[in-house]
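Source file: target-v5.csv (CSV, C-alpha atoms (C1' of nucleotides))
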```csv
chain,number,residue,atom,x,y,z
A,1,MET,CA,1.8,7.2,-0.6
A,2,THR,CA,2.9,9.7,2.0
A,3,ILE,CA,4.4,6.9,4.0
A,4,GLN,CA,7.7,7.5,2.1
A,5,TYR,CA,7.9,11.0,3.7
A,6,ALA,CA,7.2,9.6,7.1
A,7,ILE,CA,10.0,7.1,6.6
A,8,LEU,CA,12.3,9.9,5.3
A,9,GLY,CA,11.5,11.9,8.4
A,10,LEU,CA,12.4,9.0,10.7
A,11,LEU,CA,15.6,8.5,8.9
A,12,SER,CA,16.4,12.2,9.4
A,13,TRP,CA,16.7,11.5,13.1
A,14,HIS,CA,19.1,8.6,12.6
A,15,PRO,CA,19.6,5.5,10.4
A,16,PHE,CA,17.1,2.7,10.6
A,17,SER,CA,16.7,-0.8,9.3
A,18,GLY,CA,13.3,-1.8,7.8
A,19,TYR,CA,12.7,-4.0,10.8
A,20,ASP,CA,13.2,-1.1,13.2
A,21,LEU,CA,11.0,1.2,11.2
A,22,LYS,CA,8.2,-1.4,11.4
A,23,LYS,CA,8.3,-1.2,15.2
A,24,VAL,CA,8.1,2.6,15.1
A,25,PHE,CA,5.0,2.5,12.9
A,26,ALA,CA,3.5,-0.3,15.0
A,27,ASP,CA,3.3,1.8,18.2
A,28,SER,CA,2.7,5.2,16.7
A,29,ALA,CA,-0.9,6.4,16.3
A,30,ALA,CA,0.0,9.5,14.4
A,31,LEU,CA,1.8,7.4,11.8
A,32,TYR,CA,-1.4,5.8,11.0
A,33,TRP,CA,-0.3,3.1,8.6
A,34,SER,CA,-0.1,-0.5,9.8
A,35,GLY,CA,3.6,-0.6,8.9
A,36,ASN,CA,3.5,-4.0,7.3
A,37,ASN,CA,6.4,-5.6,5.4
A,38,ASN,CA,5.0,-4.8,2.0
A,39,GLN,CA,4.7,-1.1,2.7
A,40,ILE,CA,8.0,-0.6,4.5
A,41,TYR,CA,10.3,-2.7,2.4
A,42,THR,CA,9.0,-1.6,-0.9
A,43,ALA,CA,9.0,2.1,0.2
A,44,LEU,CA,12.7,1.7,1.2
A,45,ILE,CA,13.6,0.2,-2.1
A,46,GLN,CA,11.8,3.1,-3.8
A,47,LEU,CA,13.5,5.7,-1.7
A,48,HIS,CA,16.8,4.1,-2.5
A,49,LYS,CA,16.1,4.0,-6.2
A,50,GLU,CA,15.3,7.8,-6.0
A,51,GLY,CA,18.6,8.4,-4.3
A,52,LEU,CA,17.0,9.9,-1.2
A,53,VAL,CA,18.6,7.2,1.1
A,54,THR,CA,21.7,5.1,1.0
A,55,ARG,CA,21.8,1.4,2.0
A,56,ASP,CA,24.4,-0.2,4.2
A,57,VAL,CA,24.3,-4.0,4.3
A,58,GLN,CA,25.5,-5.6,7.6
A,59,VAL,CA,26.1,-9.3,7.2
A,60,GLN,CA,25.4,-11.3,10.3
A,61,GLU,CA,26.1,-14.9,11.1
A,62,SER,CA,23.0,-17.0,11.4
A,63,LEU,CA,20.7,-14.1,10.8
A,64,PRO,CA,19.6,-12.4,7.6
A,65,ALA,CA,21.7,-9.5,6.5
A,66,LYS,CA,20.5,-6.3,8.2
A,67,LYS,CA,20.1,-3.4,5.8
A,68,ILE,CA,20.6,0.0,7.4
A,69,TYR,CA,19.2,3.0,5.5
A,70,THR,CA,20.7,6.5,5.9
A,71,ILE,CA,19.1,9.7,4.5
A,72,THR,CA,21.1,11.6,1.9
A,73,GLU,CA,21.3,15.4,1.4
A,74,LYS,CA,18.9,15.0,-1.5
A,75,GLY,CA,16.6,13.2,0.9
A,76,ARG,CA,16.8,16.0,3.5
A,77,ALA,CA,15.9,18.5,0.8
A,78,ALA,CA,12.9,16.4,-0.3
A,79,LEU,CA,11.8,16.1,3.3
A,80,LYS,CA,12.0,19.8,3.9
A,81,GLN,CA,10.1,20.6,0.7
A,82,TRP,CA,7.3,18.2,1.7
A,83,VAL,CA,7.1,19.7,5.2
A,84,LEU,CA,6.6,23.1,3.6
A,85,SER,CA,3.9,21.9,1.3
A,86,MET,CA,0.3,22.7,1.6
A,87,PRO,CA,-1.3,20.7,4.5
A,88,GLU,CA,-3.9,18.1,3.6
A,89,LEU,CA,-7.2,18.1,5.4
A,90,PRO,CA,-7.5,15.6,8.2
A,91,GLU,CA,-9.7,12.6,7.5
A,92,PHE,CA,-12.1,11.4,10.2
A,93,HIS,CA,-13.6,8.0,9.5
A,94,ASN,CA,-16.0,7.1,12.1
A,95,THR,CA,-18.2,4.1,11.3
A,96,PHE,CA,-19.9,4.4,14.6
A,97,LEU,CA,-21.6,7.7,13.4
A,98,ILE,CA,-23.1,5.8,10.5
A,99,GLN,CA,-24.4,3.1,12.9
A,100,LEU,CA,-25.9,5.9,15.0
A,101,THR,CA,-27.6,7.3,11.9
A,102,TRP,CA,-29.9,4.3,11.9
A,103,ALA,CA,-29.9,3.6,15.6
A,104,ASP,CA,-33.6,4.6,15.9
A,105,LEU,CA,-34.2,1.0,14.9
A,106,LEU,CA,-33.1,0.0,18.4
A,107,ASP,CA,-35.0,0.2,21.6
A,108,SER,CA,-33.6,2.5,24.3
A,109,ARG,CA,-31.8,-0.3,26.2
A,110,GLU,CA,-30.0,-1.5,23.0
A,111,LEU,CA,-29.1,2.0,22.0
A,112,ASP,CA,-27.6,2.9,25.4
A,113,ALA,CA,-25.6,-0.4,25.3
A,114,LEU,CA,-24.3,0.6,21.9
A,115,LEU,CA,-23.2,4.0,23.2
A,116,ALA,CA,-21.7,2.4,26.3
A,117,SER,CA,-19.6,0.0,24.3
A,118,TYR,CA,-18.3,2.8,22.0
A,119,GLU,CA,-17.5,4.9,25.1
A,120,ASP,CA,-15.5,2.0,26.5
A,121,GLU,CA,-13.5,1.6,23.4
A,122,VAL,CA,-12.8,5.3,23.2
A,123,ARG,CA,-11.8,5.4,26.9
A,124,VAL,CA,-9.3,2.6,26.4
A,125,GLN,CA,-7.8,4.4,23.4
A,126,LEU,CA,-7.5,7.6,25.4
A,127,LEU,CA,-5.7,5.8,28.3
A,128,MET,CA,-3.3,4.1,25.9
A,129,GLN,CA,-2.6,7.4,24.3
A,130,GLN,CA,-2.0,9.2,27.6
A,131,GLU,CA,0.3,6.4,28.8
A,132,LYS,CA,2.3,6.6,25.6
A,133,ALA,CA,2.6,10.4,26.1
A,134,ASN,CA,4.0,9.9,29.6
A,135,ARG,CA,6.7,7.5,28.4
A,136,GLN,CA,9.3,9.4,26.5
A,137,ASP,CA,8.7,8.8,22.8
A,138,THR,CA,11.2,7.9,20.1
A,139,SER,CA,11.8,11.4,18.9
A,140,PRO,CA,15.1,13.1,19.8
A,141,ALA,CA,14.0,16.7,20.6
A,142,ARG,CA,17.2,18.5,20.5
A,143,THR,CA,15.7,22.0,20.5
A,144,ARG,CA,13.1,23.3,22.9
A,145,ARG,CA,10.8,24.0,20.0
A,146,GLU,CA,11.1,20.4,18.8
A,147,ALA,CA,10.2,19.2,22.3
A,148,TYR,CA,7.2,21.6,22.4
A,149,LEU,CA,5.9,20.4,19.0
A,150,SER,CA,6.3,16.8,20.0
A,151,GLU,CA,4.3,17.5,23.1
A,152,MET,CA,1.6,19.2,21.2
A,153,ILE,CA,1.3,16.5,18.6
A,154,SER,CA,0.5,13.8,21.2
A,155,GLN,CA,-1.8,16.3,22.9
A,156,ASN,CA,-3.7,16.5,19.7
A,157,LEU,CA,-4.8,12.9,19.6
A,158,ILE,CA,-5.6,13.0,23.4
A,159,SER,CA,-7.8,16.1,23.0
A,160,ILE,CA,-9.7,14.4,20.1
A,161,TYR,CA,-10.4,11.4,22.3
A,162,GLN,CA,-11.4,13.6,25.2
A,163,ASN,CA,-13.7,15.6,22.9
A,164,GLU,CA,-15.2,12.3,21.7
A,165,LEU,CA,-15.9,11.2,25.3
A,166,SER,CA,-17.5,14.4,26.3
A,167,TRP,CA,-19.7,14.2,23.2
A,168,ILE,CA,-20.8,10.6,24.1
A,169,GLY,CA,-21.6,11.8,27.6
A,170,LYS,CA,-23.8,14.5,26.2
A,171,VAL,CA,-25.6,12.2,23.8
A,172,ARG,CA,-26.3,9.6,26.6
A,173,GLN,CA,-27.5,12.3,29.0
A,174,GLY,CA,-29.8,13.8,26.3
A,175,LEU,CA,-31.3,10.4,25.5
A,176,GLN,CA,-32.0,9.7,29.1
A,177,HIS,CA,-33.7,13.1,29.4
A,178,LEU,CA,-35.8,12.2,26.3
A,179,GLU,CA,-36.8,8.9,27.9
A,180,LYS,CA,-38.0,10.6,31.1
A,181,SER,CA,-39.9,13.4,29.4
A,182,GLY,CA,-41.1,11.6,26.3
B,1,MET,CA,-16.9,-2.7,2.6
B,2,THR,CA,-19.3,-1.1,5.1
B,3,ILE,CA,-20.6,1.1,2.3
B,4,GLN,CA,-23.2,-1.5,1.7
B,5,TYR,CA,-24.7,-1.0,5.1
B,6,ALA,CA,-24.7,2.8,4.6
B,7,ILE,CA,-26.6,2.3,1.3
B,8,LEU,CA,-29.0,-0.1,3.0
B,9,GLY,CA,-29.6,2.5,5.7
B,10,LEU,CA,-30.4,5.2,3.2
B,11,LEU,CA,-32.8,2.8,1.4
B,12,SER,CA,-34.5,2.2,4.8
B,13,TRP,CA,-35.7,5.8,4.5
B,14,HIS,CA,-37.1,5.5,1.0
B,15,PRO,CA,-36.2,4.0,-2.4
B,16,PHE,CA,-33.3,5.6,-4.2
B,17,SER,CA,-31.6,5.3,-7.6
B,18,GLY,CA,-27.9,4.8,-7.8
B,19,TYR,CA,-27.6,8.3,-9.2
B,20,ASP,CA,-29.4,9.8,-6.2
B,21,LEU,CA,-27.4,7.8,-3.8
B,22,LYS,CA,-24.2,9.3,-5.3
B,23,LYS,CA,-25.5,12.8,-4.5
B,24,VAL,CA,-26.1,11.8,-0.9
B,25,PHE,CA,-22.6,10.5,-0.5
B,26,ALA,CA,-21.1,13.5,-2.3
B,27,ASP,CA,-22.4,16.0,0.3
B,28,SER,CA,-22.2,14.0,3.4
B,29,ALA,CA,-19.1,14.1,5.5
B,30,ALA,CA,-20.1,11.3,7.9
B,31,LEU,CA,-20.5,9.0,4.9
B,32,TYR,CA,-16.9,9.3,4.2
B,33,TRP,CA,-16.7,7.5,0.9
B,34,SER,CA,-16.3,9.4,-2.3
B,35,GLY,CA,-19.5,7.8,-3.7
B,36,ASN,CA,-18.0,7.1,-7.1
B,37,ASN,CA,-19.8,5.1,-9.7
B,38,ASN,CA,-17.8,1.9,-9.2
B,39,GLN,CA,-18.6,1.8,-5.5
B,40,ILE,CA,-22.3,2.6,-5.7
B,41,TYR,CA,-23.3,0.6,-8.7
B,42,THR,CA,-21.4,-2.5,-7.8
B,43,ALA,CA,-22.7,-2.3,-4.2
B,44,LEU,CA,-26.3,-2.1,-5.4
B,45,ILE,CA,-25.8,-5.1,-7.7
B,46,GLN,CA,-24.3,-7.0,-4.8
B,47,LEU,CA,-27.2,-6.0,-2.4
B,48,HIS,CA,-29.6,-7.1,-5.1
B,49,LYS,CA,-27.9,-10.4,-5.6
B,50,GLU,CA,-28.1,-11.0,-1.8
B,51,GLY,CA,-31.9,-10.3,-1.8
B,52,LEU,CA,-31.5,-7.3,0.5
B,53,VAL,CA,-33.0,-4.9,-2.0
B,54,THR,CA,-35.4,-5.1,-5.0
B,55,ARG,CA,-34.9,-3.3,-8.3
B,56,ASP,CA,-37.5,-1.5,-10.2
B,57,VAL,CA,-36.6,-0.4,-13.8
B,58,GLN,CA,-38.2,2.8,-15.0
B,59,VAL,CA,-37.8,3.2,-18.7
B,60,GLN,CA,-37.5,6.8,-19.8
B,61,GLU,CA,-37.6,8.3,-23.3
B,62,SER,CA,-34.3,9.8,-24.5
B,63,LEU,CA,-32.6,9.0,-21.1
B,64,PRO,CA,-31.1,5.8,-19.7
B,65,ALA,CA,-33.5,3.6,-17.8
B,66,LYS,CA,-33.6,4.6,-14.1
B,67,LYS,CA,-33.2,1.8,-11.6
B,68,ILE,CA,-35.0,2.4,-8.3
B,69,TYR,CA,-33.9,0.2,-5.4
B,70,THR,CA,-36.2,-0.7,-2.5
B,71,ILE,CA,-35.1,-2.3,0.7
B,72,THR,CA,-36.6,-5.8,1.5
B,73,GLU,CA,-37.6,-7.2,4.9
B,74,LYS,CA,-34.4,-9.3,4.8
B,75,GLY,CA,-32.5,-6.0,4.1
B,76,ARG,CA,-34.1,-4.3,7.1
B,77,ALA,CA,-33.2,-7.3,9.3
B,78,ALA,CA,-29.6,-7.2,8.1
B,79,LEU,CA,-29.4,-3.4,8.7
B,80,LYS,CA,-30.7,-3.8,12.3
B,81,GLN,CA,-28.2,-6.6,13.0
B,82,TRP,CA,-25.4,-4.4,11.7
B,83,VAL,CA,-26.5,-1.4,13.8
B,84,LEU,CA,-26.4,-3.6,16.8
B,85,SER,CA,-22.9,-4.9,16.1
B,86,MET,CA,-19.8,-3.9,18.0
B,87,PRO,CA,-18.7,-0.4,17.0
B,88,GLU,CA,-15.4,0.0,15.2
B,89,LEU,CA,-12.8,2.4,16.5
B,90,PRO,CA,-12.8,5.8,14.8
B,91,GLU,CA,-9.8,6.4,12.5
B,92,PHE,CA,-8.2,9.8,12.5
B,93,HIS,CA,-5.8,10.3,9.6
B,94,ASN,CA,-4.1,13.6,9.9
B,95,THR,CA,-1.1,14.0,7.6
B,96,PHE,CA,-0.6,17.5,9.0
B,97,LEU,CA,0.6,16.0,12.3
B,98,ILE,CA,3.2,14.1,10.4
B,99,GLN,CA,4.4,17.2,8.7
B,100,LEU,CA,4.5,18.9,12.1
B,101,THR,CA,6.7,16.1,13.5
B,102,TRP,CA,9.5,17.4,11.3
B,103,ALA,CA,8.6,21.0,11.3
B,104,ASP,CA,11.7,21.9,13.3
B,105,LEU,CA,13.3,21.9,9.9
B,106,LEU,CA,11.5,25.2,9.3
B,107,ASP,CA,12.3,28.7,10.6
B,108,SER,CA,9.7,30.4,12.7
B,109,ARG,CA,8.1,32.3,9.9
B,110,GLU,CA,7.7,29.2,7.7
B,111,LEU,CA,6.3,27.2,10.6
B,112,ASP,CA,3.7,29.8,11.5
B,113,ALA,CA,2.7,30.1,7.9
B,114,LEU,CA,2.2,26.3,7.8
B,115,LEU,CA,0.1,26.4,10.9
B,116,ALA,CA,-1.9,29.4,9.6
B,117,SER,CA,-2.7,27.6,6.3
B,118,TYR,CA,-3.8,24.5,8.2
B,119,GLU,CA,-6.0,26.7,10.5
B,120,ASP,CA,-7.6,28.3,7.4
B,121,GLU,CA,-8.4,24.9,5.9
B,122,VAL,CA,-9.9,23.7,9.1
B,123,ARG,CA,-11.9,26.9,9.6
B,124,VAL,CA,-13.4,26.5,6.1
B,125,GLN,CA,-14.3,22.9,6.9
B,126,LEU,CA,-16.0,24.0,10.1
B,127,LEU,CA,-18.1,26.7,8.5
B,128,MET,CA,-19.2,24.3,5.7
B,129,GLN,CA,-20.2,21.7,8.4
B,130,GLN,CA,-22.1,24.3,10.4
B,131,GLU,CA,-23.9,25.6,7.3
B,132,LYS,CA,-24.9,22.0,6.4
B,133,ALA,CA,-26.2,21.5,9.9
B,134,ASN,CA,-28.4,24.6,9.6
B,135,ARG,CA,-29.9,23.5,6.3
B,136,GLN,CA,-32.3,20.6,6.9
B,137,ASP,CA,-30.5,17.4,6.0
B,138,THR,CA,-31.8,14.5,4.0
B,139,SER,CA,-32.8,12.4,7.0
B,140,PRO,CA,-36.5,12.0,7.7
B,141,ALA,CA,-36.6,12.2,11.5
B,142,ARG,CA,-40.0,10.9,12.3
B,143,THR,CA,-39.4,10.5,16.0
B,144,ARG,CA,-38.1,13.0,18.5
B,145,ARG,CA,-35.3,10.6,19.3
B,146,GLU,CA,-34.3,10.3,15.6
B,147,ALA,CA,-34.2,14.0,15.3
B,148,TYR,CA,-32.0,14.3,18.4
B,149,LEU,CA,-29.6,11.7,17.2
B,150,SER,CA,-29.3,13.4,13.8
B,151,GLU,CA,-28.6,16.7,15.5
B,152,MET,CA,-25.9,15.0,17.7
B,153,ILE,CA,-24.3,13.3,14.7
B,154,SER,CA,-23.7,16.6,12.9
B,155,GLN,CA,-22.6,18.1,16.2
B,156,ASN,CA,-19.9,15.5,16.5
B,157,LEU,CA,-18.0,16.6,13.4
B,158,ILE,CA,-18.5,20.2,14.3
B,159,SER,CA,-17.0,19.7,17.8
B,160,ILE,CA,-14.0,17.8,16.3
B,161,TYR,CA,-13.2,20.8,14.0
B,162,GLN,CA,-13.7,23.2,16.9
B,163,ASN,CA,-11.4,21.1,19.0
B,164,GLU,CA,-8.9,21.2,16.2
B,165,LEU,CA,-9.1,25.0,15.9
B,166,SER,CA,-8.6,25.5,19.6
B,167,TRP,CA,-5.6,23.1,19.5
B,168,ILE,CA,-4.0,25.1,16.6
B,169,GLY,CA,-4.6,28.3,18.6
B,170,LYS,CA,-2.8,26.9,21.6
B,171,VAL,CA,0.1,25.6,19.4
B,172,ARG,CA,0.6,29.0,17.7
B,173,GLN,CA,0.4,30.9,21.0
B,174,GLY,CA,2.9,28.5,22.6
B,175,LEU,CA,5.3,29.0,19.7
B,176,GLN,CA,5.1,32.8,19.9
B,177,HIS,CA,5.9,32.6,23.6
B,178,LEU,CA,8.9,30.4,22.9
B,179,GLU,CA,10.1,32.9,20.3
B,180,LYS,CA,10.0,35.8,22.8
B,181,SER,CA,11.5,34.0,25.7
B,182,GLY,CA,14.0,31.8,23.8
C,1,DA,C1',-20.9,26.5,-28.3
C,2,DT,C1',-20.0,24.8,-23.8
C,3,DA,C1',-20.9,23.2,-19.5
C,4,DA,C1',-23.9,20.9,-16.3
C,5,DG,C1',-27.3,17.6,-15.3
C,6,DC,C1',-29.4,13.1,-16.0
C,7,DA,C1',-28.3,8.0,-15.8
C,8,DT,C1',-25.7,3.8,-16.0
C,9,DG,C1',-21.9,1.0,-16.2
C,10,DT,C1',-16.7,-1.0,-16.8
C,11,DA,C1',-11.5,-0.8,-16.7
C,12,DA,C1',-7.3,0.4,-14.9
C,13,DA,C1',-4.4,1.8,-11.4
C,14,DG,C1',-3.2,2.8,-6.6
C,15,DC,C1',-2.9,1.9,-2.0
C,16,DG,C1',-3.2,-1.1,2.0
C,17,DT,C1',-3.7,-5.3,4.6
C,18,DT,C1',-3.1,-10.2,5.3
C,19,DA,C1',-0.9,-14.2,4.4
C,20,DC,C1',2.9,-16.8,2.6
C,21,DA,C1',7.9,-18.1,2.7
C,22,DT,C1',12.4,-18.8,5.2
C,23,DG,C1',15.2,-19.9,9.2
C,24,DA,C1',18.2,-19.2,13.3
C,25,DT,C1',18.0,-17.7,18.3
C,26,DT,C1',16.1,-16.7,22.6
C,27,DT,C1',12.6,-16.6,26.2
C,28,DG,C1',8.8,-18.6,28.9
D,1,DC,C1',8.2,-27.4,23.5
D,2,DA,C1',5.9,-23.4,22.0
D,3,DA,C1',6.1,-18.7,21.3
D,4,DA,C1',8.5,-14.5,20.5
D,5,DT,C1',12.3,-11.9,18.4
D,6,DC,C1',15.3,-11.0,14.6
D,7,DA,C1',15.3,-10.0,9.6
D,8,DT,C1',13.9,-9.7,4.8
D,9,DG,C1',11.1,-10.2,1.0
D,10,DT,C1',6.8,-11.7,-2.3
D,11,DA,C1',2.0,-12.9,-3.5
D,12,DA,C1',-2.7,-12.5,-3.3
D,13,DC,C1',-6.6,-10.0,-2.2
D,14,DG,C1',-9.7,-6.2,-1.3
D,15,DC,C1',-11.1,-1.6,-1.2
D,16,DT,C1',-11.0,3.1,-3.3
D,17,DT,C1',-10.2,6.4,-6.7
D,18,DT,C1',-9.7,8.0,-11.4
D,19,DA,C1',-10.6,7.5,-15.9
D,20,DC,C1',-13.1,5.7,-19.8
D,21,DA,C1',-17.5,5.0,-22.4
D,22,DT,C1',-22.2,6.5,-24.0
D,23,DG,C1',-25.7,9.9,-25.1
D,24,DC,C1',-29.7,13.0,-24.6
D,25,DT,C1',-31.4,17.6,-22.6
D,26,DT,C1',-31.2,22.0,-20.5
D,27,DA,C1',-29.1,26.2,-19.0
D,28,DT,C1',-25.5,29.9,-19.7
```
Hey, can you dump this file as structure tokens for me?
Amino acid sequence: MTIQYAILGLLSWHPFSGYDLKKVFADSAALYWSGNNNQIYTALIQLHKEGLVTRDVQVQESLPAKKIYTITEKGRAALKQWVLSMPELPEFHNTFLIQLTWADLLDSRELDALLASYEDEVRVQLLMQQEKANRQDTSPARTRREAYLSEMISQNLISIYQNELSWIGKVRQGLQHLEKSG
Amino acid sequence: MTIQYAILGLLSWHPFSGYDLKKVFADSAALYWSGNNNQIYTALIQLHKEGLVTRDVQVQESLPAKKIYTITEKGRAALKQWVLSMPELPEFHNTFLIQLTWADLLDSRELDALLASYEDEVRVQLLMQQEKANRQDTSPARTRREAYLSEMISQNLISIYQNELSWIGKVRQGLQHLEKSG
DNA sequence: ATAAGCATGTAAAGCGTTACATGATTTG
DNA sequence: CAAATCATGTAACGCTTTACATGCTTAT
């Protein structure tokens, strides 16, 4: 449950309510969790129990009380320790590659249609990611280095999608060549 | 639970026991499940219940009975239908990017060490993948097209790791430049 | 002797998503 | 009038991993 550290990180920028955290998760691709109620609210309760955040309840008229969470010094220390910890390996789950493994069951028209629809999906994803990168994101970027890292992080996903598109192009071209010659 | 289709695909090559399927999952990166007992054996029972595979029990002396599963015509039809179905989007889960998001907490030596250890991990992964691609893999490749697809599938993961390495290189270089100029 | 390989299965726990539950206010 | 926004929380379900359970044989 690394999501706790992601939440701790967001709280290191400024205090958040659970509801606002949900929105951050919803439109971030790097923060790959769905950001559903169950995850966010239980994680916040857990962080509070561990003393890594404090909770400030703002009672509102005609709306449920808003609970604002603020990171503690202990929380900042835990965050830094986690950031320093050994990186995990990235996980690439691509069900399409598994489909392709048995795509020899298809005729050439079906196969090319399959590749084309995957290409479309990836292209949409790339455009969304590029658009998001153009809009200023939620991060503060007080230092030049922080701004640079933020830029490189969104570049990472973009380059993965571009790599994927160029791979698809190669595959489709190769298949057409096989068709003609074979 | 797409793992059922992956198993069905493997069985379309030739019959397998659960134990042998486990080994296939264990050394395949594209088949991204761990391939633990629970998944494999319950999936096989489920596939059998649905009539997509038949089971042949080979009693052995002084070893547990080996159960060999063979795909049925119904199973082949289900597999083809799945291969034709709309591709899912790939999922990239990279916890390291989340670490980097708050890496401005680190001094430049700590940050470069973090990047260096991630680079090492990715490089090892790439080498393993390249080595695996050189060894003949478990797939049969009866047609030229099947061989080509198989080649491109292992190329996909390799290109992702290469893309990742070139990204890390760019990040580290950019940070060194910031150090000198800033 | 100890570990690894052969071979199957179940149980428990963790993590994640969807759906349920409530209820006022604002926007289309 | 319906849908979205604000705001929190719980319940149920499903997938995945780890651990438990058994037990013989072969290699180090």
Write out, as CSV, each residue of chain B that has an atom at most 8 Å from chain A, together with the closest pair of atoms and their distance in Å to one decimal, counting all atoms listed in the file, rows going by chain and rising number.
```
residue,atom,partner,partner_atom,distance
B:Ala6,CA,A:Ile98,CA,6.8
B:Gly9,CA,A:Trp102,CA,6.5
B:Ala30,CA,A:Leu97,CA,6.7
B:Leu31,CA,A:Ile98,CA,7.0
B:Tyr32,CA,A:His93,CA,6.4
B:Lys80,CA,A:Leu105,CA,6.5
B:Trp82,CA,A:Gln99,CA,7.7
B:Val83,CA,A:Gln99,CA,5.0
B:Leu84,CA,A:Leu114,CA,6.9
B:Met86,CA,A:Ser117,CA,7.4
B:Pro87,CA,A:Phe96,CA,5.5
B:Glu88,CA,A:Thr95,CA,6.3
B:Leu89,CA,A:Glu121,CA,7.0
B:Pro90,CA,A:Asn94,CA,4.4
B:Glu91,CA,A:His93,CA,5.1
B:Phe92,CA,A:Phe92,CA,4.8
B:His93,CA,A:Glu91,CA,5.0
B:Asn94,CA,A:Pro90,CA,4.3
B:Thr95,CA,A:Glu88,CA,6.4
B:Phe96,CA,A:Pro87,CA,5.6
B:Leu97,CA,A:Ile153,CA,6.4
B:Ile98,CA,A:Ala6,CA,6.9
B:Gln99,CA,A:Val83,CA,5.1
B:Leu100,CA,A:Leu149,CA,7.2
B:Thr101,CA,A:Ser150,CA,6.5
B:Trp102,CA,A:Gly9,CA,6.5
B:Ala103,CA,A:Val83,CA,6.4
B:Asp104,CA,A:Glu146,CA,5.7
B:Leu105,CA,A:Lys80,CA,6.5
B:Leu106,CA,A:Lys80,CA,7.7
B:Glu110,CA,A:Leu84,CA,7.4
B:Leu114,CA,A:Leu84,CA,6.9
B:Ser117,CA,A:Pro87,CA,7.3
B:Tyr118,CA,A:Pro87,CA,5.9
B:Glu121,CA,A:Leu89,CA,6.9
B:Val122,CA,A:Leu89,CA,7.2
B:Arg145,CA,A:Asp104,CA,7.1
B:Glu146,CA,A:Asp104,CA,5.8
B:Leu149,CA,A:Thr101,CA,7.2
B:Ser150,CA,A:Thr101,CA,6.6
B:Met152,CA,A:Val171,CA,6.7
B:Ile153,CA,A:Leu97,CA,6.4
B:Asn156,CA,A:Trp167,CA,6.8
B:Ser159,CA,A:Asn163,CA,7.3
B:Ile160,CA,A:Ile160,CA,6.7
B:Asn163,CA,A:Ile160,CA,7.0
B:Glu164,CA,A:Asn156,CA,7.8
B:Trp167,CA,A:Asn156,CA,6.9
B:Val171,CA,A:Met152,CA,6.8
B:Leu175,CA,A:Arg145,CA,7.4
B:Leu178,CA,A:Arg145,CA,7.3
```
Residues of chain B within 12 Å of chain C, counting all atoms listed in the file - could you list those as a list in words?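 Those within range of chain C come out as Ser17, Gly18, Tyr19, Asp20, Lys22, Lys23, Asn36, Asn37, Asn38, Gln39, Ile40, Tyr41, Thr42, Ile45, Val57, Gln58, Val59, Gln60, Glu61, Ser62, Leu63, Pro64, Ala65, Lys66, Lys67 and Ile68 of chain B.
Proximity of B:Ala77, B:Lys132, B:Val124, B:Ser34 to chain D, computed with all atoms listed in the file, is greatest for B:Ser34.
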Could you give the RMSD, in Å, left over when chain B is least-squares superposed onto chain A across all Cα atoms paired sequentially?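 That gives an RMSD of 0.1 Å.
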Could you check how far CA of Asp112 in chain A sits from CA of Ser166 in chain A, in Å to one decimal?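 These atoms are spaced 15.3 Å apart.
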Range 7-26 of chain D dumped to file, C-alpha atoms (C1' of nucleotides), as a compact mmCIF listing (two decimals), in the first residue's frame:
```txt
# COMPACT_ATOMS: atom_id res chain seq x y z
C1' DA D 7 -18.24 15.57 1.43
C1' DT D 8 -17.68 11.49 4.12
C1' DG D 9 -17.81 6.85 5.10
C1' DT D 10 -18.89 1.34 4.80
C1' DA D 11 -19.86 -3.22 2.56
C1' DA D 12 -19.24 -6.56 -0.72
C1' DC D 13 -16.68 -8.62 -4.07
C1' DG D 14 -12.76 -10.07 -6.83
C1' DC D 15 -8.07 -10.71 -7.90
C1' DT D 16 -3.33 -11.70 -6.32
C1' DT D 17 0.15 -13.08 -3.31
C1' DT D 18 2.00 -15.70 0.53
C1' DA D 19 1.79 -19.36 3.34
C1' DC D 20 0.26 -23.90 4.68
C1' DA D 21 -0.09 -28.96 3.71
C1' DT D 22 1.70 -33.42 1.86
C1' DG D 23 5.34 -36.54 0.37
C1' DC D 24 8.61 -38.99 -2.66
C1' DT D 25 13.09 -38.66 -5.38
C1' DT D 26 17.41 -36.86 -6.87
```
